[in-house]
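J.: For reference, the file input_28.cif (mmCIF, C-alpha atoms) is included below:
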data_final
loop_
_atom_site.label_atom_id
_atom_site.label_comp_id
_atom_site.auth_asym_id
_atom_site.auth_seq_id
_atom_site.Cartn_x
_atom_site.Cartn_y
_atom_site.Cartn_z
CA MET G 1 120.27 72.44 70.54
CA ILE G 2 123.21 74.30 72.02
CA PRO G 3 125.74 71.87 73.47
CA ASP G 4 126.43 72.20 77.19
CA LEU G 5 123.48 74.55 77.66
CA ARG G 6 122.72 72.92 80.98
CA ARG G 7 126.25 73.49 82.21
CA HIS G 8 126.19 77.10 81.02
CA LEU G 9 122.92 77.69 82.85
CA LEU G 10 124.33 76.15 86.02
CA GLU G 11 127.42 78.30 85.80
CA ALA G 12 125.24 81.36 85.20
CA LEU G 13 123.39 80.50 88.42
CA VAL G 14 126.72 80.26 90.25
CA ILE G 15 127.58 83.76 88.98
CA VAL G 16 124.24 85.04 90.28
CA ALA G 17 124.82 83.39 93.66
CA LEU G 18 128.38 84.73 93.91
CA GLY G 19 127.27 88.23 92.90
CA ALA G 20 124.46 88.13 95.45
CA VAL G 21 126.80 87.01 98.22
CA ILE G 22 129.28 89.77 97.35
CA GLY G 23 126.49 92.34 97.18
CA LEU G 24 125.02 91.28 100.51
CA SER G 25 128.46 91.25 102.15
CA VAL G 26 129.38 94.69 100.85
CA ASN G 27 126.01 96.07 101.94
CA TYR G 28 125.81 94.14 105.20
CA ARG G 29 125.05 97.30 107.15
CA LEU G 30 122.16 98.24 104.90
CA ILE G 31 120.79 94.69 105.04
CA GLY G 32 121.16 94.65 108.82
CA ALA G 33 119.23 97.90 109.08
CA LEU G 34 116.64 96.47 106.72
CA LEU G 35 116.17 93.33 108.83
CA GLU G 36 115.74 95.41 111.96
CA GLY G 37 113.18 97.56 110.20
CA ARG G 38 115.25 100.70 110.40
CA LEU G 39 117.19 102.25 107.55
CA ALA G 40 119.35 105.30 107.24
CA PRO G 41 117.29 108.50 107.52
CA PRO G 42 115.18 109.02 104.40
CA ALA G 43 117.56 110.48 101.87
CA PRO G 44 116.10 113.47 100.04
CA MET G 45 117.87 112.27 96.90
CA PRO G 46 115.07 110.39 95.11
CA THR G 47 112.74 113.28 95.93
CA SER G 48 115.12 115.78 94.36
CA ASP G 49 115.08 113.48 91.33
CA GLY G 50 111.34 113.87 91.24
CA TYR G 51 110.52 110.65 93.08
CA PRO G 52 109.34 110.02 96.60
CA THR G 53 111.58 108.25 99.11
CA PRO G 54 110.53 105.05 100.81
CA ILE G 55 110.06 105.35 104.58
CA THR G 56 109.89 102.43 107.01
CA LEU G 57 107.50 101.94 109.89
CA GLY G 58 110.30 102.59 112.39
CA GLN G 59 111.43 105.79 110.65
CA LEU G 60 107.88 107.06 110.26
CA ARG G 61 107.10 106.41 113.89
CA GLU G 62 110.15 108.35 115.04
CA ALA G 63 109.64 111.16 112.54
CA LEU G 64 105.96 111.53 113.50
CA ALA G 65 106.81 111.51 117.20
CA ALA G 66 109.47 114.16 116.60
CA GLY G 67 107.04 116.22 114.54
CA GLU G 68 109.42 116.10 111.59
CA VAL G 69 106.90 114.76 109.16
CA VAL G 70 103.16 115.01 108.47
CA ALA G 71 101.31 111.84 107.43
CA VAL G 72 99.02 112.11 104.41
CA ASP G 73 96.26 109.54 103.87
CA ALA G 74 95.73 108.83 100.16
CA ARG G 75 92.60 106.67 100.71
CA ASP G 76 89.01 107.82 100.38
CA ALA G 77 87.24 109.73 103.15
CA ASP G 78 85.29 106.68 104.38
CA SER G 79 88.43 104.61 104.87
CA TYR G 80 90.02 107.58 106.61
CA ALA G 81 87.06 107.88 108.97
CA GLU G 82 87.27 104.18 109.84
CA GLY G 83 90.85 104.55 110.94
CA HIS G 84 93.98 106.56 110.13
CA LEU G 85 97.42 107.39 111.48
CA PRO G 86 97.47 109.94 114.31
CA GLY G 87 97.59 113.46 112.91
CA ALA G 88 97.22 112.25 109.33
CA LEU G 89 95.70 114.64 106.81
CA SER G 90 93.17 113.23 104.37
CA LEU G 91 93.88 113.77 100.68
CA PRO G 92 92.20 111.01 98.65
CA LEU G 93 94.02 110.36 95.39
CA GLU G 94 90.86 110.59 93.27
CA GLU G 95 90.12 114.07 94.68
CA ALA G 96 93.74 115.20 94.62
CA GLU G 97 93.42 117.32 91.47
CA ALA G 98 90.52 119.28 92.93
CA ARG G 99 91.86 119.62 96.44
CA LEU G 100 95.58 120.04 95.93
CA GLU G 101 95.39 123.82 95.77
CA ALA G 102 93.53 124.12 99.06
CA PHE G 103 95.88 121.57 100.55
CA SER G 104 98.97 123.54 99.59
CA LEU G 105 97.49 126.67 101.19
CA ARG G 106 97.03 124.74 104.40
CA VAL G 107 100.30 122.82 104.39
CA ASP G 108 103.54 124.65 103.68
CA PRO G 109 105.46 123.11 100.73
CA ALA G 110 108.55 122.97 102.95
CA THR G 111 106.76 120.42 105.17
CA ALA G 112 108.08 116.88 104.96
CA LEU G 113 105.22 114.55 104.03
CA ALA G 114 104.78 110.80 104.35
CA VAL G 115 102.03 109.41 102.15
CA TYR G 116 100.37 106.06 102.81
CA CYS G 117 97.37 104.03 101.69
CA ASN G 118 96.36 100.39 102.14
CA GLY G 119 99.84 98.91 102.19
CA TYR G 120 101.83 96.88 99.73
CA GLY G 121 100.11 96.53 96.40
CA CYS G 122 98.28 99.83 96.84
CA PRO G 123 99.79 102.28 94.33
CA ASP G 124 97.72 105.30 95.43
CA SER G 125 100.30 106.56 97.93
CA PHE G 126 103.00 106.59 95.24
CA ASP G 127 100.70 108.31 92.73
CA LEU G 128 99.66 110.91 95.29
CA ALA G 129 103.30 111.44 96.29
CA MET G 130 104.16 112.13 92.63
CA LYS G 131 101.32 114.71 92.48
CA LEU G 132 102.55 116.34 95.69
CA ILE G 133 106.09 116.55 94.32
CA ALA G 134 104.71 118.05 91.11
CA ALA G 135 102.79 120.55 93.28
CA GLY G 136 106.09 121.72 94.77
CA TYR G 137 106.53 119.65 97.92
CA GLY G 138 110.27 119.08 98.28
CA SER G 139 110.32 116.20 100.72
CA VAL G 140 107.77 113.48 100.08
CA ALA G 141 108.10 109.93 101.37
CA VAL G 142 105.92 106.89 100.78
CA PHE G 143 105.14 104.56 103.65
CA GLU G 144 104.60 101.41 101.64
CA GLY G 145 103.43 99.30 104.57
CA GLY G 146 100.51 101.70 104.90
CA LEU G 147 97.74 101.48 107.46
CA PRO G 148 97.86 97.63 107.66
CA GLU G 149 101.52 97.58 108.75
CA TRP G 150 100.92 100.42 111.20
CA ARG G 151 97.86 98.73 112.71
CA ASP G 152 99.48 95.27 112.80
CA ALA G 153 102.41 96.73 114.73
CA GLY G 154 99.88 97.56 117.47
CA LEU G 155 100.23 101.32 117.01
CA VAL G 156 97.44 103.78 117.68
CA VAL G 157 94.85 104.11 114.93
CA VAL G 158 92.56 107.13 115.13
CA GLU G 159 88.91 107.07 114.03
CA GLY G 160 86.95 110.05 112.80
CA ALA G 161 86.00 111.95 109.69
CA PRO G 162 88.53 114.37 108.11
CA MET U 1 134.03 85.84 57.19
CA ASN U 2 136.15 83.44 59.18
CA ARG U 3 138.82 86.06 59.67
CA LEU U 4 136.21 88.56 60.76
CA ARG U 5 134.63 86.22 63.28
CA PRO U 6 137.14 86.69 66.13
CA VAL U 7 137.06 90.46 65.63
CA VAL U 8 133.27 90.59 65.91
CA TYR U 9 133.38 88.20 68.86
CA HIS U 10 135.90 90.21 70.87
CA LEU U 11 134.17 93.48 70.00
CA CYS U 12 130.81 92.19 71.22
CA ARG U 13 132.33 90.55 74.30
CA LEU U 14 134.26 93.66 75.37
CA THR U 15 131.36 96.03 74.70
CA LEU U 16 128.90 93.86 76.61
CA GLY U 17 131.31 93.29 79.49
CA GLY U 18 132.30 96.95 79.76
CA LEU U 19 128.67 98.06 79.58
CA PHE U 20 127.61 95.89 82.51
CA VAL U 21 130.69 96.59 84.64
CA TYR U 22 129.93 100.28 84.20
CA ALA U 23 126.19 99.90 84.84
CA GLY U 24 126.88 97.79 87.92
CA ALA U 25 129.54 100.10 89.32
CA VAL U 26 127.37 103.21 88.98
CA LYS U 27 124.52 101.51 90.86
CA ALA U 28 126.74 99.81 93.46
CA ASP U 29 128.11 103.25 94.28
CA ASP U 30 124.73 104.46 95.54
CA VAL U 31 122.56 101.56 96.63
CA THR U 32 119.96 103.73 98.34
CA ALA U 33 119.40 105.79 95.21
CA PHE U 34 119.14 102.60 93.15
CA ALA U 35 116.60 101.24 95.65
CA GLY U 36 114.64 104.43 95.03
CA SER U 37 114.80 103.84 91.27
CA ILE U 38 113.53 100.27 91.71
CA ALA U 39 110.79 101.46 94.04
CA ALA U 40 109.61 103.79 91.27
CA TYR U 41 108.77 100.70 89.17
CA GLU U 42 106.17 99.77 91.81
CA ILE U 43 106.78 96.06 91.36
CA LEU U 44 108.62 94.90 94.48
CA PRO U 45 107.75 95.62 98.09
CA TYR U 46 110.01 97.87 100.14
CA PHE U 47 112.17 94.95 101.32
CA GLY U 48 112.64 93.56 97.81
CA ASN U 49 113.67 96.97 96.46
CA TYR U 50 116.60 97.13 98.84
CA LEU U 51 117.52 93.48 98.38
CA VAL U 52 117.68 93.80 94.58
CA ALA U 53 119.50 97.12 94.90
CA ALA U 54 122.14 95.49 97.11
CA THR U 55 122.77 92.44 94.94
CA LEU U 56 121.97 93.21 91.28
CA PRO U 57 124.89 95.63 90.71
CA TYR U 58 127.40 93.02 91.88
CA ILE U 59 125.90 90.31 89.69
CA GLU U 60 126.23 92.70 86.74
CA ILE U 61 129.82 93.58 87.64
CA LEU U 62 130.82 89.96 88.12
CA ALA U 63 129.35 88.81 84.79
CA GLY U 64 130.84 91.86 83.06
CA LEU U 65 134.30 91.19 84.48
CA LEU U 66 134.16 87.56 83.36
CA LEU U 67 133.39 88.76 79.83
CA LEU U 68 136.23 91.28 79.90
CA ALA U 69 138.58 88.58 81.18
CA ASN U 70 137.35 86.19 78.46
CA ARG U 71 136.48 83.59 81.09
CA ARG U 72 133.18 81.70 81.45
CA VAL U 73 131.99 83.75 78.52
CA ARG U 74 128.96 81.67 77.60
CA PRO U 75 127.48 81.44 81.09
CA ALA U 76 128.08 85.16 81.60
CA ALA U 77 126.53 86.09 78.24
CA LEU U 78 123.59 83.80 78.97
CA LEU U 79 123.09 85.38 82.37
CA LEU U 80 123.23 88.94 81.02
CA ALA U 81 120.80 88.04 78.23
CA GLY U 82 118.45 86.56 80.84
CA LEU U 83 118.74 89.67 83.00
CA THR U 84 118.10 91.88 79.99
CA LEU U 85 114.97 89.88 79.14
CA VAL U 86 113.74 90.45 82.70
CA PHE U 87 114.51 94.18 82.38
CA MET U 88 112.58 94.30 79.10
CA ALA U 89 109.56 92.59 80.66
CA VAL U 90 109.67 95.10 83.52
CA LEU U 91 110.01 98.05 81.12
CA LEU U 92 107.07 96.76 79.08
CA SER U 93 104.97 96.63 82.24
CA VAL U 94 106.01 100.21 83.00
CA ILE U 95 104.92 101.33 79.54
CA ALA U 96 101.68 99.34 79.85
CA ARG U 97 100.92 100.98 83.19
CA GLY U 98 101.80 104.41 81.80
CA LEU U 99 104.32 105.18 84.55
CA GLU U 100 106.59 108.08 83.72
CA ILE U 101 109.78 107.07 85.47
CA ASP U 102 113.49 107.11 84.82
CA CYS U 103 114.93 103.75 83.85
CA GLY U 104 117.62 103.81 86.54
CA CYS U 105 119.62 101.39 84.39
CA PHE U 106 122.83 103.37 84.72
CA GLY U 107 122.18 104.99 88.05
CA ALA U 108 119.60 107.57 88.98
CA ASP U 109 120.94 110.60 87.13
CA GLY U 110 120.52 109.28 83.62
CA ARG U 111 117.31 110.49 82.03
CA THR U 112 116.20 107.54 79.96
CA THR U 113 112.56 106.85 79.23
CA PRO U 114 111.32 103.25 79.42
CA ALA U 115 110.92 103.13 75.62
CA MET U 116 114.52 104.22 75.04
CA ALA U 117 115.75 101.70 77.61
CA LEU U 118 113.76 98.99 75.86
CA LEU U 119 115.48 99.78 72.56
CA ARG U 120 118.86 99.76 74.24
CA ASP U 121 118.08 96.39 75.83
CA ALA U 122 117.27 94.98 72.40
CA GLY U 123 120.76 96.07 71.31
CA ILE U 124 122.26 94.39 74.38
CA LEU U 125 120.46 91.17 73.45
CA VAL U 126 122.11 91.29 70.01
CA LEU U 127 125.54 91.75 71.64
CA ALA U 128 124.89 88.85 74.03
CA HIS U 129 123.72 86.68 71.14
CA PHE U 130 126.91 87.21 69.14
CA THR U 131 129.11 86.86 72.20
CA PHE U 132 127.48 83.55 73.04
CA HIS U 133 127.44 82.06 69.55
CA LEU U 134 130.78 83.33 68.23
CA ARG U 135 132.63 82.08 71.29
CA ALA U 136 135.09 79.53 69.91
CA PRO U 137 134.48 76.01 71.22
CA ARG U 138 136.82 74.85 73.93
CA PRO U 139 140.09 73.50 72.56
#
I'd like the structure from this file rewritten - as structure tokens, please.
T.:
Amino acid sequence: MIPDLRRHLLEALVIVALGAVIGLSVNYRLIGALLEGRLAPPAPMPTSDGYPTPITLGQLREALAAGEVVAVDARDADSYAEGHLPGALSLPLEEAEARLEAFSLRVDPATALAVYCNGYGCPDSFDLAMKLIAAGYGSVAVFEGGLPEWRDAGLVVVEGAP
Amino acid sequence: MNRLRPVVYHLCRLTLGGLFVYAGAVKADDVTAFAGSIAAYEILPYFGNYLVAATLPYIEILAGLLLLANRRVRPAALLLAGLTLVFMAVLLSVIARGLEIDCGCFGADGRTTPAMALLRDAGILVLAHFTFHLRAPRP
């Protein structure tokens, strides 16, 4: 048994706590924005790295209202028909391969997209976003809260088939 | 061997410390990009991604600086080994899920596959092991 292991572990925890406090203090603005549900405008950086950017409910709402972004629903057609974000296009992940070509003819690759599915724990929006980036879309965001967060915020949910 | 021991110890300590100060500084410099890298792992929710991105770099820097300063070496080495084990578990889950993402270990621009990062982490564990065990007992 290593002598003083307990003390070392405790001191390691103190280092973690100190580091966390420093990190939170240095990034207090970011954390503040996070707590208020708004973060700096979606940076195109992760997208240019080949990854989608996260987008918050607040950002998505503003961007949709301003017409800056088009929502893309990654769920199947039935779920879409039961309820989707206003103006959302339906592109189910499992049909993405087959429909991506038609989709890109309809939606200009310069269009900023925000992909969503059934909220946290649903990876389809991320997977679809990666396919869209691979298909040449330059600005793709993932709304991780998905339809549940949108609906729970009391925002308009539209019914109807694609 | 006894004459070599302090040399190996300081070499491991300085390498480990420098590595984590560098890794932390690169990520602390662009928290949003790091949050994007963490999000790519698809493990934490949106909120957690930003929280880890804001704090982890500073924990790495702090532990690295302690190693460089030769202070609280064992707790710092223990902490970095623990972190590295967590990273390895996360990388294994990435490989198991077949995600093709960049590790993000040293910021977003490095192109390191999960398998390469896993190997590197194994090396870091060796460094942490020697740093911890070769540390001379307190006088």
J.: I need the residue set behind the PyMOL selection byres ((chain U) within 10 of (chain G)) for this file; please write it as a PyMOL selection string.
T.: chain U and resi 28+31-37+39-40+42-47+49-63+66+72-80+82+99+101-102+108-109+133+137
J.: With a distance cut-off of 10 Å and all atoms listed in the file, select the neighbouring residues of Pro86 (chain G), excluding the residue or stretch itself and same-chain residues fewer than 6 positions from it, and output the selection as an NGL selection string.
T.: :G and (64-65 or 70-71 or 155-159)
J.: I need the residue set behind the PyMOL selection byres ((chain G and resi 95) around 12) for this file; please write it as a list in words.
T.: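 Listing what the PyMOL selection byres ((chain G and resi 95) around 12) selects in the shown file: Asp73, Ala74, Arg75, Asp76, Ala77, Ser90, Leu91, Pro92, Leu93, Glu94, Ala96, Glu97, Ala98, Arg99, Leu100, Glu101, Ala102, Phe103, Asp124, Leu128 and Lys131 of chain G.
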J.: Please provide the set of residues having any atom within 10 Å of region 111-128 of chain U, restricted to only C-alpha atoms, with same-chain residues fewer than 4 positions apart removed, written as an MDAnalysis selection string.
T.: chainID U and resid 8:9 11:17 19:20 73:74 76:85 87:95 98:107 132:134
J.: Rounded to one decimal place, report the CA of Val7 (chain U)-CA of Gly64 (chain U) distance in Å.
T.: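 Separation of CA of Val7 (chain U) and CA of Gly64 (chain U): 18.6 Å.
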J.: Report, as lines of an AutoDock Vina configuration file, the axis-aligned box around all atoms of region 90-109 of chain G present in the file, extended by 5 Å on each side; give centre and edge lengths in Å to one decimal place.
T.:
center_x = 97.8
center_y = 118.5
center_z = 97.9
size_x = 25.3
size_y = 26.3
size_z = 22.9
J.: Rounded to one decimal place, report the CA of Cys117 (chain G)-CA of Val86 (chain U) distance in Å.
T.: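 So the answer is 28.5 Å.
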J.: So how many Å separate CA of Thr131 (chain U) and CA of Val21 (chain U), to one decimal?
T.: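 Computing it gives 15.9 Å between the two atoms.
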J.: Provide region 90-101 of chain G rebuilt to all heavy atoms, formatted as a PDB file, in the frame of the given file.
T.:
ATOM      1  N   SER G  90      93.824 114.016 105.401  1.00  0.00           N
ATOM      2  CA  SER G  90      93.170 113.230 104.370  1.00  0.00           C
ATOM      3  C   SER G  90      93.273 113.933 103.019  1.00  0.00           C
ATOM      4  O   SER G  90      92.898 115.095 102.886  1.00  0.00           O
ATOM      5  CB  SER G  90      91.699 113.016 104.734  1.00  0.00           C
ATOM      6  OG  SER G  90      91.034 112.393 103.653  1.00  0.00           O
ATOM      7  N   LEU G  91      93.843 113.234 102.053  1.00  0.00           N
ATOM      8  CA  LEU G  91      93.880 113.770 100.680  1.00  0.00           C
ATOM      9  C   LEU G  91      93.705 112.584  99.731  1.00  0.00           C
ATOM     10  O   LEU G  91      94.678 112.039  99.215  1.00  0.00           O
ATOM     11  CB  LEU G  91      95.195 114.506 100.416  1.00  0.00           C
ATOM     12  CG  LEU G  91      95.313 115.195  99.042  1.00  0.00           C
ATOM     13  CD1 LEU G  91      94.239 116.253  98.859  1.00  0.00           C
ATOM     14  CD2 LEU G  91      96.693 115.817  98.854  1.00  0.00           C
ATOM     15  N   PRO G  92      92.428 112.179  99.513  1.00  0.00           N
ATOM     16  CA  PRO G  92      92.200 111.010  98.650  1.00  0.00           C
ATOM     17  C   PRO G  92      92.748 111.246  97.249  1.00  0.00           C
ATOM     18  O   PRO G  92      92.598 112.344  96.703  1.00  0.00           O
ATOM     19  CB  PRO G  92      90.667 110.886  98.614  1.00  0.00           C
ATOM     20  CG  PRO G  92      90.196 111.625  99.823  1.00  0.00           C
ATOM     21  CD  PRO G  92      91.183 112.733 100.031  1.00  0.00           C
ATOM     22  N   LEU G  93      93.377 110.215  96.699  1.00  0.00           N
ATOM     23  CA  LEU G  93      94.020 110.360  95.390  1.00  0.00           C
ATOM     24  C   LEU G  93      93.034 110.821  94.327  1.00  0.00           C
ATOM     25  O   LEU G  93      93.335 111.714  93.534  1.00  0.00           O
ATOM     26  CB  LEU G  93      94.642 109.023  94.966  1.00  0.00           C
ATOM     27  CG  LEU G  93      95.266 109.024  93.569  1.00  0.00           C
ATOM     28  CD1 LEU G  93      96.501 109.900  93.528  1.00  0.00           C
ATOM     29  CD2 LEU G  93      95.622 107.616  93.123  1.00  0.00           C
ATOM     30  N   GLU G  94      91.800 110.257  94.353  1.00  0.00           N
ATOM     31  CA  GLU G  94      90.860 110.590  93.270  1.00  0.00           C
ATOM     32  C   GLU G  94      90.373 112.039  93.352  1.00  0.00           C
ATOM     33  O   GLU G  94      89.894 112.594  92.371  1.00  0.00           O
ATOM     34  CB  GLU G  94      89.689 109.604  93.214  1.00  0.00           C
ATOM     35  CG  GLU G  94      88.940 109.356  94.483  1.00  0.00           C
ATOM     36  CD  GLU G  94      89.515 108.174  95.273  1.00  0.00           C
ATOM     37  OE1 GLU G  94      90.744 107.954  95.264  1.00  0.00           O
ATOM     38  OE2 GLU G  94      88.734 107.494  95.916  1.00  0.00           O
ATOM     39  N   GLU G  95      90.527 112.663  94.553  1.00  0.00           N
ATOM     40  CA  GLU G  95      90.120 114.070  94.680  1.00  0.00           C
ATOM     41  C   GLU G  95      91.337 115.001  94.679  1.00  0.00           C
ATOM     42  O   GLU G  95      91.198 116.205  94.897  1.00  0.00           O
ATOM     43  CB  GLU G  95      89.337 114.273  95.987  1.00  0.00           C
ATOM     44  CG  GLU G  95      88.046 113.470  96.038  1.00  0.00           C
ATOM     45  CD  GLU G  95      87.472 113.446  97.463  1.00  0.00           C
ATOM     46  OE1 GLU G  95      87.718 114.398  98.214  1.00  0.00           O
ATOM     47  OE2 GLU G  95      86.797 112.460  97.796  1.00  0.00           O
ATOM     48  N   ALA G  96      92.509 114.418  94.464  1.00  0.00           N
ATOM     49  CA  ALA G  96      93.740 115.200  94.620  1.00  0.00           C
ATOM     50  C   ALA G  96      93.759 116.420  93.712  1.00  0.00           C
ATOM     51  O   ALA G  96      94.090 117.519  94.152  1.00  0.00           O
ATOM     52  CB  ALA G  96      94.954 114.316  94.357  1.00  0.00           C
ATOM     53  N   GLU G  97      93.372 116.198  92.427  1.00  0.00           N
ATOM     54  CA  GLU G  97      93.420 117.320  91.470  1.00  0.00           C
ATOM     55  C   GLU G  97      92.629 118.506  91.992  1.00  0.00           C
ATOM     56  O   GLU G  97      93.088 119.646  91.955  1.00  0.00           O
ATOM     57  CB  GLU G  97      92.835 116.871  90.109  1.00  0.00           C
ATOM     58  CG  GLU G  97      93.606 115.754  89.424  1.00  0.00           C
ATOM     59  CD  GLU G  97      94.977 116.207  88.920  1.00  0.00           C
ATOM     60  OE1 GLU G  97      95.207 117.423  88.828  1.00  0.00           O
ATOM     61  OE2 GLU G  97      95.813 115.311  88.642  1.00  0.00           O
ATOM     62  N   ALA G  98      91.412 118.204  92.508  1.00  0.00           N
ATOM     63  CA  ALA G  98      90.520 119.280  92.930  1.00  0.00           C
ATOM     64  C   ALA G  98      90.972 119.916  94.245  1.00  0.00           C
ATOM     65  O   ALA G  98      90.767 121.111  94.453  1.00  0.00           O
ATOM     66  CB  ALA G  98      89.094 118.740  93.074  1.00  0.00           C
ATOM     67  N   ARG G  99      91.596 119.107  95.097  1.00  0.00           N
ATOM     68  CA  ARG G  99      91.860 119.620  96.440  1.00  0.00           C
ATOM     69  C   ARG G  99      93.296 120.033  96.699  1.00  0.00           C
ATOM     70  O   ARG G  99      93.606 120.563  97.772  1.00  0.00           O
ATOM     71  CB  ARG G  99      91.438 118.567  97.469  1.00  0.00           C
ATOM     72  CG  ARG G  99      89.929 118.429  97.521  1.00  0.00           C
ATOM     73  CD  ARG G  99      89.493 117.340  98.472  1.00  0.00           C
ATOM     74  NE  ARG G  99      90.164 117.398  99.768  1.00  0.00           N
ATOM     75  CZ  ARG G  99      89.970 116.498 100.729  1.00  0.00           C
ATOM     76  NH1 ARG G  99      89.148 115.506 100.519  1.00  0.00           N
ATOM     77  NH2 ARG G  99      90.609 116.604 101.878  1.00  0.00           N
ATOM     78  N   LEU G 100      94.156 119.796  95.712  1.00  0.00           N
ATOM     79  CA  LEU G 100      95.580 120.040  95.930  1.00  0.00           C
ATOM     80  C   LEU G 100      95.869 121.513  96.237  1.00  0.00           C
ATOM     81  O   LEU G 100      96.723 121.832  97.073  1.00  0.00           O
ATOM     82  CB  LEU G 100      96.383 119.580  94.709  1.00  0.00           C
ATOM     83  CG  LEU G 100      97.805 119.115  94.976  1.00  0.00           C
ATOM     84  CD1 LEU G 100      97.844 118.103  96.109  1.00  0.00           C
ATOM     85  CD2 LEU G 100      98.406 118.491  93.737  1.00  0.00           C
ATOM     86  N   GLU G 101      95.118 122.399  95.582  1.00  0.00           N
ATOM     87  CA  GLU G 101      95.390 123.820  95.770  1.00  0.00           C
ATOM     88  C   GLU G 101      95.084 124.241  97.210  1.00  0.00           C
ATOM     89  O   GLU G 101      95.895 124.899  97.869  1.00  0.00           O
ATOM     90  CB  GLU G 101      94.560 124.634  94.777  1.00  0.00           C
ATOM     91  CG  GLU G 101      95.210 125.969  94.455  1.00  0.00           C
ATOM     92  CD  GLU G 101      94.380 126.787  93.495  1.00  0.00           C
ATOM     93  OE1 GLU G 101      93.901 126.210  92.492  1.00  0.00           O
ATOM     94  OE2 GLU G 101      94.211 127.996  93.759  1.00  0.00           O
TER      95      GLU G 101
END
